[in-house]
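Visitor: Quick one: the structure is below, questions incoming.
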Amino acid sequence: MGRYVISRLVRWIPSVFILLLLVYALVYFGAGDPIKLIFLQAPGDVAYDPARVEAIREAAGLNRPFLVQFWDYILNVAQGNFGNSLVSGRSVNSMVAAALPVTLKIGLAAILIVSLVGILLGVIAALNQNKWLDNLIVGFALIIWGIPVFVAGPLIIVFMVLVLNLNVPYGWAGLFDVKVIVPLLVLGLNPMALIIRQARAGVLEVLSEDYVRTARAKGIPNYQVVMRHIMRPVLTPVVSQIGLLVIATLNNSILIEKVFGLPGLGRMTETAIKSSDYPVILAIVLIFSIVVMASNLLVDISYPLLDPRAAAKKTEDE
Amino acid sequence: MKNLRKYLMIGLAAATLSTTGLPAWADQVLNIAHPALEQSWSPLQGGGHVARWQSLWWAAPMYFDKDGKLTSYVLSSATHDDSFQNWTLTIDPKAVFSDGSKITAEDVVGTWNLCARPATKHARVNLFLGDVEGFNDVIVGKAKDMTGLSIASDGTISVKLSTPDPIFDQKIATALIPPVKVSQAVDENGAEKGDWWRPENGVVVSGPFMPESMDLDQGIVTMVPNPNFFGPKPKLEKVVITTVSDPITATLMLKRGEMDAATELITPTIIQDLGADFLGGPALAKGQQFWFDLSKPPMDDINVRKALTMSVNSQELAIAAFPEGPFTAATQILNKVPGVDPDFPKYPFDPEAAKAALAASKYKDAGHLPKIMFVGISTPTHEAAAQYIAEQWRKILGIQGTEMKPAIETYSGPDQKSVQVFRDDVGTRVPDAVSYLMGSIHSGSGNAMNKMGGYKNEEVDKLLEEASAKGVEDPDRIGFAQKAQRAFREDWMYIPYYYDVMSKWAMPWVQNFDKNDDWQVIEPWNVTIDEENRP
Amino acid sequence: MSDQAIPLQQEEKQFSLAKDAFIRLVANRLAIVGMVLVAFLFFVAIFGPYLTPYDFLSQDLMARNQAPSWQHWFGTDDLGRDIMSRVIYGSRTAVVVGFSTVSFSLIIGLFMGALGGYFGGKVDAFVVWLIDITMSIPSLLLVIVINVSLKPPLVNWMDAQFLATGNEFYRNTIWVDFVLVFGSLALIKWPKAARIIRGQILSIRNKNYVLAAEALGVPTSKIVRRYVIPNAIGPIIVYISAALGEAMVLESSFSFLGVGVRPPIPSWGNMISDGLRIWQLYPHVLAAPAAVLAIVTIAFSFLGDGLNDALNPRQWK
């Protein structure tokens, strides 16, 4: 197992290098010059003086050749230093250190809750196949699948404020504050649809297996059958979705953190891209891909624990 | 099901109320919704949303009161000799920082030099100090200090300008170049220290309030009264600036009284949502226009520019952008300053003449025009306006495929061929028609160089240059400016859009919240909250 | 003789498989609903713009934000444009983005998957590595970066071409939006297709009848046609259906974030983000595009499920 993890990591380092090079090049050559943007995006009375911009760029070391800058950047990153924001001069490390935990905490909480609720709903739906409860749950899953988060978020906020007359769920006061509930729900909505579908289909498949039929025919209570025979095979396909869930949650965080005033990476992304502040953009790309990588690795490691057969089959495939 | 829903709602409501509780309303606390997550609150940036609250914590050299009268602040006086080139600035002996130490001439000179150095990235320093001798060397990094600034004696500064300027005292009346304690702000190399402005680093300030905490990650800044402030005692107990980037959320919070004011809030339905009082304020010496870049085809042909301008109905343009006001449709460049031309002939809306003008151009018809691109379409309202213009062009002239972009930068370099229309504002901080036009249509202005693609009209330049040397009382100063503006009109370089008003962006219960042209509260110490009317 | 027999048998099997699948699909009511809706979407996308009651661009500033009525079934937006006409035109945008994304990702995916599956060894390891990287990239973030950074140079280049050559093709750069949106989407979406193909090739490579065919000198192209394609076609069709729906939702996310298809070309995404600004006062401005997007997403998911049940019977009971 240890060797497997190490080999995965070793394969991963060059891919991160390439990813960083790609993004660095994209932003460097395409997105525009953050220094110029400071002067040009401001209102009309701000004069744009090319000589001055050059002087600022010179001072910030932005006039060096692309590869020199990139190499310099990579050396810094290798030492754990993401550099300073080109716009505000603030250290990217400290920005990330503050924003990452917020996104991680709320993202993990969302995934956990969504998985639990989703599996539960999926199992209930499957056990009541084609009855009204099943239709209700499947209909619910379809609706939350069809509404994009950036529509659902504002809808829920306005509903809470104008209809229920509650305070605006805005800001961050830690994971165990009530304000977290709504963003958590919104963040998990689409992924939940995915989980419900997977779990429901999984249970239906298992229910038709002979040993389950036998157990049910013997008159063993439903919940015992579920616990004993169904949970494990159902968990496997759900766990295999976690990589997707993580990506979906990160994507959603870019879309809704701003709406709920969560000081996480998603909100940072938006600002950084608007001002093409590339040290910040690169740090976010790097961190996001580490998170996704790590979750994929976790899935792969937990696979054999859940279902030895599937794991064996998987290695055979590769 | 019905019961379940009811219980769920009650539970949710109870839970939310019990922990969130009431918002942090103490009696005189001003809650401000800020649109962007700011990583730097340095007072030396010279712009951006941060600078709009600069007057809360920094004292300007001088300021214009709400009637437009120049008033002393850190500087008790600014006097000049007959040449308008040598100025003497005297520091108010009562002016102190929040630790009780005096604001010295070294602080003023040091701050201004620091503002001018390129690494500081001050966005507007050239507007205030650009005429000081030696400025041009400092701004490009060739020198560290301006030769024209020197300390005459303890508490007085002598300034030498490179060209005569009768209104230098008005130009420095801004909180964008506030004297800061130089020993805190500058490092040994003469660069601005990182994070020196944070309360954790013990920053001392000169304004009525001082920062108590700055949580840059959450985007929350709190300020409390400065006990050593040398002006009147502030009435507010606390100011809390919270980042609320989403305009819908911000609107709701304002409506409910969770917020009292916003740094900037632009939505198409703002009047319906928050009432006309929320925005309302006096006119500003500032106007928005769509500028044509004549270095880029098809704007190189005056007939095309004529055709484009004459196919836009200014009244409808205003409806498209701000159906409920409060802005008024623009005609000429000048607004509010003494010298607005009362008989200025506005551009006509005339579809037939527009078609004729296009046919008379070298492009003959719409099919031969290159694609036209707008930039500076950064808000929903500007987008609506640009879409209206594009539709008029399509309907009347048959122009297809107009594009619009929010950001200016990457589309506007000299080597780029399209981007012919810039939505941007021009204005002036001083009540003076000449400096208004110098900053917008003179060939040396950033507007003419960048937005109009190097526009240069000898006659306009000559008139403005002559006018700017005349004293403030001389009627020719205004007369020449008006002439210049009429000469500019004949070049058909812009589509008039609207005149700005000083948007208060505050709910009616916030009182004495008048703002200056930089959207800074003029007299922060007078601001109070009328608790009776707060929901 | 013997090399004739195998294909014949195979063709028959193929035919009956397709027939079975079709019967299963038709038997599934939801799948039929999905199919009808999707077919309607394509019909509207192709012919709709000729049938709209109004020009999707023409404004009536006297009739702004009007509620739905007999003149304007979905009401009018903030510039007095007919929302129904815009939704209809937006379906064309959605279909163009969806189809181009899916075709490009299929092309890349098929090529990469075939490369890995056929050559195996180092080539395969490389393909797997590429798939791994791509799957671990935070997709939305990367697409935003690509859109923001590649657009200006591309537009500027096209403008320069127009001025230099006068070629009409370069004049209208609005297509750059589309190209960038589906190009960048395709770049992150191809691994799924590649996996399917690669898996299929790997699984039949060692099957006896394939080995036999190979030994008998049946050309590779024939083997691919007879064995690989019939086996892979089911999962690929399911993939296409899912990817189409996903691409349409992602396009709307881009518009929400301000990249993607820009006004005045209507897309459901930019109509939704316009609607979000004023929907508290004029809910219909948001309702129409959001509901259409939701219905289309759900239709694709019905169709996808139905196809999946029909084409991969072993996987889903």
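The chains in the structure tokens are called A, B, ... from first to last as shown; in each chain the residues are counted from 1, and the ligands are counted from 1 in the order shown.
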With the cut-off set at 7 Å and counting only C-alpha atoms, tabulate each residue of chain C with an atom at most that distance from an atom of chain A, showing the nearest atom pair and its distance in Å to one decimal, ordered by chain and increasing number, as CSV.
Guide:
```
residue,atom,partner,partner_atom,distance
C:Ile133,CA,A:Ser15,CA,6.1
C:Ser136,CA,A:Val292,CA,5.5
C:Ile137,CA,A:Ser289,CA,5.4
C:Pro138,CA,A:Ser289,CA,6.0
C:Leu140,CA,A:Asn251,CA,5.7
C:Ile146,CA,A:Leu26,CA,6.8
C:Val148,CA,A:Ala31,CA,5.9
C:Ser149,CA,A:Ala31,CA,3.9
C:Leu150,CA,A:Gly30,CA,5.4
C:Pro152,CA,A:Gly30,CA,6.7
C:Pro153,CA,A:Gly30,CA,6.3
C:Ala294,CA,A:Gly146,CA,4.1
C:Ile295,CA,A:Gly146,CA,6.9
C:Thr297,CA,A:Gly146,CA,5.4
C:Ile298,CA,A:Gly146,CA,5.8
C:Trp316,CA,A:Glu205,CA,6.8
C:Lys317,CA,A:Glu205,CA,5.8
```
Visitor: Name the residues of region 241-301 of chain B that fall into alpha helix (DSSP H) according to DSSP on the backbone, using the chain letters and numbers of this document, as number ranges by chain.
Guide: B: 247-255, 270-274, 276-279
Visitor: Taking only C-alpha atoms into account, which residues of chain B are within 10 Å of chain C, as an MDAnalysis selection string?
Guide: chainID B and resid 246:248 267:270 272:273 297 316:317 319:321 323 367:373 380 383:388 390:392 394:395 400:406 409:413 415:419
Visitor: Can you pull out the residues contacting region 202-204 of chain B? Cut-off 9 Å, using only C-alpha atoms, and skip same-chain residues under 5 positions away; I want them as a compact mmCIF listing (two decimals) with C-alpha atoms, in the first residue's frame.
Guide:
```txt
# COMPACT_ATOMS: atom_id res chain seq x y z
CA PHE B 97 -1.54 61.62 14.82
CA SER B 98 -3.55 59.25 16.95
CA ASP B 99 -0.59 58.67 19.29
CA VAL B 180 1.07 59.61 7.06
CA LYS B 181 3.75 58.99 9.65
CA GLN B 184 6.01 53.87 9.89
CA ALA B 185 5.31 53.73 6.19
CA TRP B 196 2.28 49.06 7.79
CA TRP B 197 -1.32 50.28 7.78
CA MET B 210 -8.76 54.71 13.80
CA PRO B 211 -8.80 51.08 12.78
```
Visitor: Extract, using only C-alpha atoms, all DNA, RNA and protein residues at most 10 Å from region 176-179 of chain C, discarding same-chain residues fewer than 5 positions from it, and format them as JSON, numbers by chain.
Guide: {"C": [93, 94, 96, 97, 100, 101, 147, 150, 151, 152, 154, 155, 158, 184, 185, 251, 259, 260, 261, 262]}
Visitor: At a cut-off of 9 Å, using only C-alpha atoms, what residues contact Val117 (chain A)? Leave out same-chain residues fewer than 5 positions from it and give the result as a list in words.
Guide: Leu112, Gly122, Met192, Ile195 and Ile196 of chain A
Visitor: Within 10 Å of region 174-176 of chain A, counting only C-alpha atoms, which residues show up once you throw out same-chain ones fewer than 3 positions away? Write them as a compact mmCIF listing (two decimals) with N, CA, C and O atoms, in the first residue's frame, please.
Guide:
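For reference, around16.txt as written:
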```
# COMPACT_ATOMS: atom_id res chain seq x y z
N VAL A 102 -11.44 27.27 5.35
CA VAL A 102 -12.88 27.54 5.22
C VAL A 102 -13.48 26.66 4.13
O VAL A 102 -14.46 25.95 4.35
N LYS A 105 -13.30 22.91 5.21
CA LYS A 105 -14.24 22.53 6.25
C LYS A 105 -15.65 22.44 5.68
O LYS A 105 -16.33 21.44 5.86
N ILE A 106 -16.05 23.48 4.99
CA ILE A 106 -17.42 23.51 4.54
C ILE A 106 -17.63 22.48 3.43
O ILE A 106 -18.68 21.83 3.34
N ALA A 109 -17.73 19.00 5.10
CA ALA A 109 -19.00 18.85 5.81
C ALA A 109 -20.12 18.62 4.80
O ALA A 109 -20.97 17.75 5.00
N GLY A 171 -21.71 35.46 5.84
CA GLY A 171 -20.46 35.52 6.60
C GLY A 171 -20.07 34.18 7.18
O GLY A 171 -20.76 33.17 7.00
N LYS A 179 -25.18 29.94 10.61
CA LYS A 179 -25.07 30.56 9.30
C LYS A 179 -24.59 29.59 8.23
O LYS A 179 -24.80 29.81 7.04
N VAL A 180 -23.91 28.55 8.66
CA VAL A 180 -23.32 27.62 7.72
C VAL A 180 -24.37 26.76 7.01
O VAL A 180 -24.17 26.32 5.89
N ILE A 181 -25.52 26.58 7.68
CA ILE A 181 -26.49 25.60 7.18
C ILE A 181 -26.86 25.83 5.72
O ILE A 181 -26.79 24.91 4.89
N LEU A 184 -24.14 25.31 3.14
CA LEU A 184 -23.84 23.88 3.12
C LEU A 184 -24.84 23.14 2.24
O LEU A 184 -24.48 22.32 1.40
```
Visitor: Determine, counting only C-alpha atoms, which protein, DNA and RNA residues have an atom within 12 Å of an atom of Ser435 (chain B); residues of the same chain fewer than 5 positions away are not included. Present the result as a VMD selection string.
Guide: (chain A and resid 45) or (chain B and resid 127 to 128 165 to 168 170 to 171 285 to 286 334 337 to 339 426 to 430 440 to 442 444 to 445 464 to 465 467 to 470 472 477 to 478 481)
Visitor: Find the residue from A:Ala97, A:Ile137, A:Leu282, A:Val178 that sits nearest to chain B; use only C-alpha atoms when measuring.
Guide: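 The answer is A:Val178, which sits nearest to chain B.
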Visitor: DSSP on the backbone, strand (DSSP E) only: what residues of region 70-230 of chain B does that give? Format it as a count of residues only.
Guide: 38
